[in-house]
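S.K.: Pasting a structure below so you can have a look.
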Amino acid sequence: MSRYDFDLFVIGAGSGGVRAARVSARLGARVAIAEMAQPGGTCVNAGCVPKKLLYYGSTFAEAFRDANGYGWDVLPPQFNWNRLIQHKDREILRLNQIYTKLMVDAGIVILYGKAVLTGPHSVLINGKSYTAEHILIATGATPVLPNIPGANFSITSNEAFHLPQLPEKIIIIGGGYIAVEFAGIFNGLGAQTTLIHRGDLPLRGFDEEAREVLAQEISKKGVQLLLNTEVTAIESAGGQLNVQLNNGKSESAGLVLCALGRRPNTESLGLETAGVLLDKEGAIIINRAFQSNIPSILALGDVTNRLQLTPVAITEAMALASTLFANQPTEVDYANVASCVFSQPNLASVGLTEVQAREHYGEVNVFRNSFRPMKHTMTGINEKTFMKLIVDKATDRVIGAHMVGAEAGEIIQGIAIAINAGVTKSGFDSTIGIHPTAAEEFVTMKMVPR
Ligand code: NDP
């Protein structure tokens, strides 16, 4: 009989925490999970899922417009923000309930409240103390606000999901995933949208050419891009917010959304009491077995500030459960993690950018294609799809794939499997395409590389 109340005590019922709890329970562990809000964490409640639902909602505007070229006369469409938000909330509630049921069915003890570490093996929640052999911190991350005067007048993505009405005009500050995705959503839904970013292109870290193409495409769709521009202050006057810029100019709108990254949720968790070390961003420092410097205290997902992506947290959770309770020490391979920015159009990517590939491999072959998607031959819309493959010259292995265009996330997901399995460019070339698709262009890039 264990001297602890639980084999695993998880703090945070988000994607990583719930998966770790469920798999561990299935492997026979006695598991408790603590959660302060609704189960599902950022992904379900204020991230991937509601974002994708709003994204879908916003793409209808283009669909109505495109329909005309195909013979449809569509009455001027009317959009109802409250209906979209209500339906989104209903779906999120359904997912919350599914998460709860899955945990209950797995025999996990769910404790609602704020859990605080009181030692390497002990947690206090709702005035009651529990002990566990392993404690997993999976508390995720929170959007940050800038350190400028008037930052409190702005909102973050958390609030964007619950706005009482669609803003007529919105300023979005930032150039990462969230900024670009929300720019597409609000612009698509009809808000006049300005994106202000300090860099020369949004989405630092993605392939340069893909970033350029995306910036052009989102500008064409009507998002005003102010690049190489910093916000120095936000002022509120007469129901408007005035955003002061470092070039002496200003922009105003009814709403300002900051999307400037997310800070790990490590405050007031008792980590200091337990002696857990954090990095300078406040993230829990862990080894490849997810252990902090206190071996019984583990962490994974966004709170460790590595790749802040749901599927990464889930993969880490399964590796952790196998390591702890299946006697199978498992490490996560972070190479070739594909991701998609649900911008309009999507930008999706797997593997290295061209710059990274040249740094790591020296000589690389780059294949690219840019074309007008077939659908738009009849809509009159001047939208470009861009695709790029990067190949290691010495081995012919494909080491990067990038796409800007409709359904890029769906297409790159398939290509990520091939790249992860070590596919060569000849492997792409010998694949017969599905015609007519955009994706087939990835297997017909046979031209002499630049
Ligand atoms: P990101 O880290 O993606 O982007 C942050 C942006 O804010 C960057 O453009 C950065 O500029 C800018 N920035 C940071 N600090 C400042 C500052 N002080 N002043 C001006 N600009 C600043 O963060 P997000 O908030 O967009 O998203 C957080 C994470 O969530 C993402 O990194 C991603 O991992 C995840 N996510 C994933 C999604 C997906 O998979 N589709 C969707 C949404 C989020 P610079 O580049 O110059 O540093």
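Chain labels follow the order of the structure tokens: the first chain is A, the next B, and so on; residue numbering restarts at 1 in every chain, and ligands are counted from 1 in their shown order.
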Find the spatial neighbours of Gly184 (chain A), counting only C-alpha atoms, within a cut-off of 8 Å - ignore same-chain residues fewer than 6 positions away - and output them as a tab-separated table (two decimals) with N, CA, C and O atoms, in the first residue's frame.

M.R.:
chain	number	residue	atom	x	y	z
A	55	TYR	N	-13.11	31.39	-36.62
A	55	TYR	CA	-12.46	31.41	-37.94
A	55	TYR	C	-13.43	30.89	-39.01
A	55	TYR	O	-13.63	31.52	-40.04
A	58	SER	N	-16.02	33.40	-39.76
A	58	SER	CA	-15.59	34.56	-40.54
A	58	SER	C	-15.35	34.23	-42.01
A	58	SER	O	-15.41	35.11	-42.86
A	218	ILE	N	-2.92	38.95	-46.70
A	218	ILE	CA	-3.85	39.51	-45.70
A	218	ILE	C	-4.07	41.00	-45.96
A	218	ILE	O	-5.15	41.52	-45.69
A	223	VAL	N	-6.85	43.84	-44.39
A	223	VAL	CA	-6.25	44.16	-43.08
A	223	VAL	C	-5.18	45.22	-43.32
A	223	VAL	O	-4.32	45.07	-44.18
A	343	SER	N	-4.64	31.78	-40.27
A	343	SER	CA	-4.81	33.09	-40.90
A	343	SER	C	-5.67	32.85	-42.14
A	343	SER	O	-5.98	31.71	-42.49
A	344	GLN	N	-6.01	33.93	-42.83
A	344	GLN	CA	-6.82	33.78	-44.04
A	344	GLN	C	-6.05	34.40	-45.20
A	344	GLN	O	-6.02	35.61	-45.30

S.K.: Using only C-alpha atoms and all ligand atoms, determine which residues fall within 7 Å of ligand 1, then list them as JSON, numbers by chain.

M.R.: {"A": [47, 48, 143, 146, 173, 174, 175, 176, 177, 178, 179, 197, 198, 199, 202, 203, 204, 230, 259, 260, 261, 262, 307, 308, 309, 339, 340, 341, 342]}

S.K.: Pull the strand (DSSP E) assignments for region 236-267 of chain A out of DSSP run on the backbone, and list those residues as a PyMOL selection string.

M.R.: chain A and resi 236-237+240-245+250-253+255-258+262-264

S.K.: Report, in Å with one decimal, the straight-line distance from CA of Asp7 (chain A) to CA of Ser292 (chain A).

M.R.: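 So the answer is 17.2 Å.
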
S.K.: Would you return as a VMD selection string the members of region 175-396 of chain A that DSSP assigns to helix (DSSP H, G or I) on this structure's backbone?

M.R.: chain A and resid 177 to 189 208 to 220 271 to 274 301 to 304 310 to 325 354 to 361 374 to 377

S.K.: At a cut-off of 9 Å, using only C-alpha atoms, what residues contact region 401-412 of chain A? Leave out same-chain residues fewer than 3 positions from it and give the result as a PDB file with C-alpha atoms, in the first residue's frame.

M.R.:
ATOM      1  CA  PHE A 206       8.291  30.898 -40.125  1.00  0.00           C
ATOM      2  CA  ASP A 207       9.847  30.733 -43.591  1.00  0.00           C
ATOM      3  CA  ALA A 210       5.885  32.321 -46.736  1.00  0.00           C
ATOM      4  CA  ARG A 211       5.711  35.275 -44.344  1.00  0.00           C
ATOM      5  CA  VAL A 213       3.292  35.989 -49.230  1.00  0.00           C
ATOM      6  CA  LEU A 214       0.979  35.884 -46.232  1.00  0.00           C
ATOM      7  CA  ALA A 338       4.033  20.828 -37.910  1.00  0.00           C
ATOM      8  CA  SER A 339       1.846  23.807 -37.179  1.00  0.00           C
ATOM      9  CA  CYS A 340      -0.716  25.949 -38.913  1.00  0.00           C
ATOM     10  CA  VAL A 341      -1.553  29.576 -38.413  1.00  0.00           C
ATOM     11  CA  PHE A 342      -5.276  29.836 -39.121  1.00  0.00           C
ATOM     12  CA  GLN A 344      -6.815  33.778 -44.042  1.00  0.00           C
ATOM     13  CA  PRO A 345      -5.367  32.134 -46.054  1.00  0.00           C
ATOM     14  CA  ASN A 346      -3.682  29.579 -43.755  1.00  0.00           C
ATOM     15  CA  LEU A 347       0.060  29.438 -43.349  1.00  0.00           C
ATOM     16  CA  ALA A 348       1.254  25.958 -42.436  1.00  0.00           C
ATOM     17  CA  SER A 349       4.694  24.598 -42.061  1.00  0.00           C
ATOM     18  CA  VAL A 350       6.772  21.587 -41.057  1.00  0.00           C
ATOM     19  CA  GLY A 351      10.516  21.207 -40.688  1.00  0.00           C
ATOM     20  CA  LEU A 352      13.122  23.842 -41.355  1.00  0.00           C
ATOM     21  CA  THR A 353      12.783  27.234 -42.947  1.00  0.00           C
ATOM     22  CA  PRO A 373      -6.147  28.406 -57.006  1.00  0.00           C
ATOM     23  CA  GLU A 383      -5.502  35.207 -54.314  1.00  0.00           C
ATOM     24  CA  LYS A 384      -2.254  33.278 -54.579  1.00  0.00           C
ATOM     25  CA  THR A 385      -1.355  29.919 -53.156  1.00  0.00           C
ATOM     26  CA  PHE A 386       2.322  29.467 -52.338  1.00  0.00           C
ATOM     27  CA  MET A 387       4.178  26.204 -51.707  1.00  0.00           C
ATOM     28  CA  LYS A 388       7.782  25.506 -50.972  1.00  0.00           C
ATOM     29  CA  LEU A 389       9.882  22.410 -50.387  1.00  0.00           C
ATOM     30  CA  ILE A 390      13.402  22.457 -49.011  1.00  0.00           C
ATOM     31  CA  VAL A 398      12.920  16.808 -47.712  1.00  0.00           C
ATOM     32  CA  ILE A 415       3.229  16.069 -45.693  1.00  0.00           C
ATOM     33  CA  ALA A 416       4.480  16.154 -42.089  1.00  0.00           C
ATOM     34  CA  ILE A 417       3.961  12.385 -41.861  1.00  0.00           C
ATOM     35  CA  ILE A 419       8.826  14.204 -43.737  1.00  0.00           C
ATOM     36  CA  ALA A 438      -3.816  22.250 -54.778  1.00  0.00           C
ATOM     37  CA  ALA A 439      -1.980  19.562 -52.816  1.00  0.00           C
ATOM     38  CA  PHE A 442       3.640  19.359 -53.907  1.00  0.00           C
TER      39      PHE A 442
END

S.K.: Show which residues sit within 6 Å of Asp396 (chain A), as a VMD selection string. Count only C-alpha atoms, and ignore same-chain residues fewer than 4 positions away.

M.R.: chain A and resid 391 to 392 424 to 425

S.K.: Using only N, CA, C and O atoms, please write the residues we just selected to a file, as a CSV table (one decimal), in the first residue's frame.

M.R.:
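Below you can see selection.csv, which holds the result:
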chain,number,residue,atom,x,y,z
A,391,VAL,N,15.1,20.8,-49.7
A,391,VAL,CA,15.6,19.5,-49.8
A,391,VAL,C,17.1,19.6,-49.5
A,391,VAL,O,17.8,20.4,-50.0
A,392,ASP,N,17.6,18.6,-48.7
A,392,ASP,CA,19.0,18.5,-48.4
A,392,ASP,C,19.7,17.9,-49.6
A,392,ASP,O,19.4,16.8,-50.0
A,424,THR,N,12.2,11.4,-49.3
A,424,THR,CA,13.2,12.1,-50.1
A,424,THR,C,12.3,12.9,-51.2
A,424,THR,O,11.2,12.6,-51.4
A,425,LYS,N,13.0,13.8,-51.9
A,425,LYS,CA,12.4,14.5,-53.0
A,425,LYS,C,12.0,13.5,-54.1
A,425,LYS,O,10.9,13.7,-54.7

S.K.: Just the number, please: distance in Å from CA of Leu257 (chain A) to CA of Arg65 (chain A), one decimal.

M.R.: 27.4 Å

S.K.: Could you name the residues that touch region 136-142 of chain A at 6 Å or less, counting only C-alpha atoms, but leaving out those on the same chain fewer than 5 positions away, as a list in words?

M.R.: Val10, Ile11, Gly12, Gly17, Arg262, Arg263, Pro264, Asn265, Ile297, Leu298, Ala299, Leu300, Asp302 and Val303 of chain A

S.K.: I'd like the contact shell of region 315-329 of chain A - 8 Å cut-off, only C-alpha atoms, skipping same-chain residues fewer than 5 positions apart - returned as a PyMOL selection string.

M.R.: chain A and resi 16-17+19-21+23-24+27-29+289-290+300-301

S.K.: Could the residues in this selection be written to a file with all heavy atoms, as a compact mmCIF listing (two decimals), in the first residue's frame?

M.R.:
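Final file, again27.txt:
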# COMPACT_ATOMS: atom_id res chain seq x y z
N GLY A 16 -2.82 18.84 -21.77
CA GLY A 16 -1.73 18.01 -21.27
C GLY A 16 -2.10 17.33 -19.96
O GLY A 16 -1.89 16.12 -19.80
N GLY A 17 -2.67 18.08 -19.03
CA GLY A 17 -3.00 17.53 -17.72
C GLY A 17 -4.01 16.41 -17.80
O GLY A 17 -3.86 15.35 -17.18
N ARG A 19 -4.78 14.55 -20.42
CA ARG A 19 -4.26 13.35 -21.08
C ARG A 19 -3.33 12.56 -20.14
O ARG A 19 -3.41 11.33 -20.06
CB ARG A 19 -3.54 13.72 -22.38
CG ARG A 19 -3.05 12.54 -23.18
CD ARG A 19 -4.19 11.62 -23.63
NE ARG A 19 -5.08 12.25 -24.58
CZ ARG A 19 -4.96 12.17 -25.91
NH1 ARG A 19 -4.01 11.41 -26.42
NH2 ARG A 19 -5.80 12.79 -26.72
N ALA A 20 -2.48 13.27 -19.41
CA ALA A 20 -1.57 12.58 -18.48
C ALA A 20 -2.39 11.83 -17.43
O ALA A 20 -2.09 10.68 -17.10
CB ALA A 20 -0.64 13.59 -17.82
N ALA A 21 -3.43 12.49 -16.92
CA ALA A 21 -4.26 11.88 -15.89
C ALA A 21 -4.96 10.63 -16.43
O ALA A 21 -4.95 9.56 -15.80
CB ALA A 21 -5.29 12.89 -15.40
N VAL A 23 -4.31 8.70 -19.16
CA VAL A 23 -3.46 7.57 -19.55
C VAL A 23 -2.87 6.92 -18.30
O VAL A 23 -2.80 5.69 -18.20
CB VAL A 23 -2.36 8.02 -20.55
CG1 VAL A 23 -1.48 6.84 -20.95
CG2 VAL A 23 -2.98 8.64 -21.79
N SER A 24 -2.50 7.75 -17.33
CA SER A 24 -1.93 7.19 -16.09
C SER A 24 -2.97 6.34 -15.38
O SER A 24 -2.67 5.24 -14.89
CB SER A 24 -1.47 8.32 -15.17
OG SER A 24 -0.47 9.08 -15.81
N LEU A 27 -3.36 3.10 -16.88
CA LEU A 27 -2.23 2.21 -16.58
C LEU A 27 -2.25 1.76 -15.12
O LEU A 27 -1.30 1.16 -14.64
CB LEU A 27 -0.92 2.94 -16.90
CG LEU A 27 -0.64 3.19 -18.39
CD1 LEU A 27 0.55 4.13 -18.59
CD2 LEU A 27 -0.41 1.88 -19.13
N GLY A 28 -3.32 2.11 -14.42
CA GLY A 28 -3.48 1.59 -13.06
C GLY A 28 -3.13 2.56 -11.95
O GLY A 28 -3.23 2.21 -10.76
N ALA A 29 -2.73 3.79 -12.30
CA ALA A 29 -2.35 4.75 -11.26
C ALA A 29 -3.59 5.33 -10.59
O ALA A 29 -4.65 5.44 -11.20
CB ALA A 29 -1.51 5.87 -11.87
N ALA A 289 12.78 14.00 -18.99
CA ALA A 289 11.76 13.13 -18.38
C ALA A 289 10.70 13.97 -17.68
O ALA A 289 9.94 13.46 -16.85
CB ALA A 289 12.41 12.17 -17.40
N PHE A 290 10.65 15.28 -18.00
CA PHE A 290 9.65 16.22 -17.48
C PHE A 290 9.80 16.52 -15.99
O PHE A 290 8.89 17.07 -15.38
CB PHE A 290 8.21 15.72 -17.78
CG PHE A 290 8.03 15.33 -19.21
CD1 PHE A 290 8.02 14.00 -19.59
CD2 PHE A 290 7.93 16.30 -20.19
CE1 PHE A 290 7.90 13.64 -20.91
CE2 PHE A 290 7.80 15.95 -21.52
CZ PHE A 290 7.79 14.62 -21.88
N LEU A 300 4.70 19.85 -17.78
CA LEU A 300 4.67 19.72 -19.25
C LEU A 300 3.69 20.75 -19.83
O LEU A 300 2.94 21.40 -19.10
CB LEU A 300 4.29 18.29 -19.66
CG LEU A 300 3.02 17.65 -19.11
CD1 LEU A 300 1.77 18.21 -19.73
CD2 LEU A 300 3.07 16.15 -19.36
N GLY A 301 3.75 20.87 -21.14
CA GLY A 301 2.84 21.80 -21.82
C GLY A 301 3.32 23.24 -21.72
O GLY A 301 4.50 23.51 -21.47

S.K.: Looking at only C-alpha atoms, which of A:Ala151, A:Ile33, A:Ile110, A:Ala215 is the one that sits closest to Ser236 (chain A)?

M.R.: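 The shortest atom-to-atom distance to Ser236 (chain A) comes from A:Ala151.
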
S.K.: Using only C-alpha atoms, determine which residues lie at most 10 Å from Asn80 (chain A), disregarding the query and same-chain residues fewer than 2 positions distant; provide the list as an MDAnalysis selection string.

M.R.: chainID A and resid 77:78 82:85 165:166 189

S.K.: For those residues, write C-alpha atoms to a file as a compact mmCIF listing (two decimals), in the first residue's frame.

M.R.:
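See result_6.txt below for the written result:
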# COMPACT_ATOMS: atom_id res chain seq x y z
CA PRO A 77 -25.80 38.51 -45.99
CA GLN A 78 -26.55 39.62 -42.44
CA ASN A 82 -24.34 37.14 -30.63
CA ARG A 83 -25.62 34.04 -32.38
CA LEU A 84 -22.09 33.02 -33.34
CA ILE A 85 -20.89 33.51 -29.74
CA GLN A 165 -20.66 42.94 -29.86
CA LEU A 166 -18.49 42.89 -32.96
CA LEU A 189 -16.54 39.39 -40.01
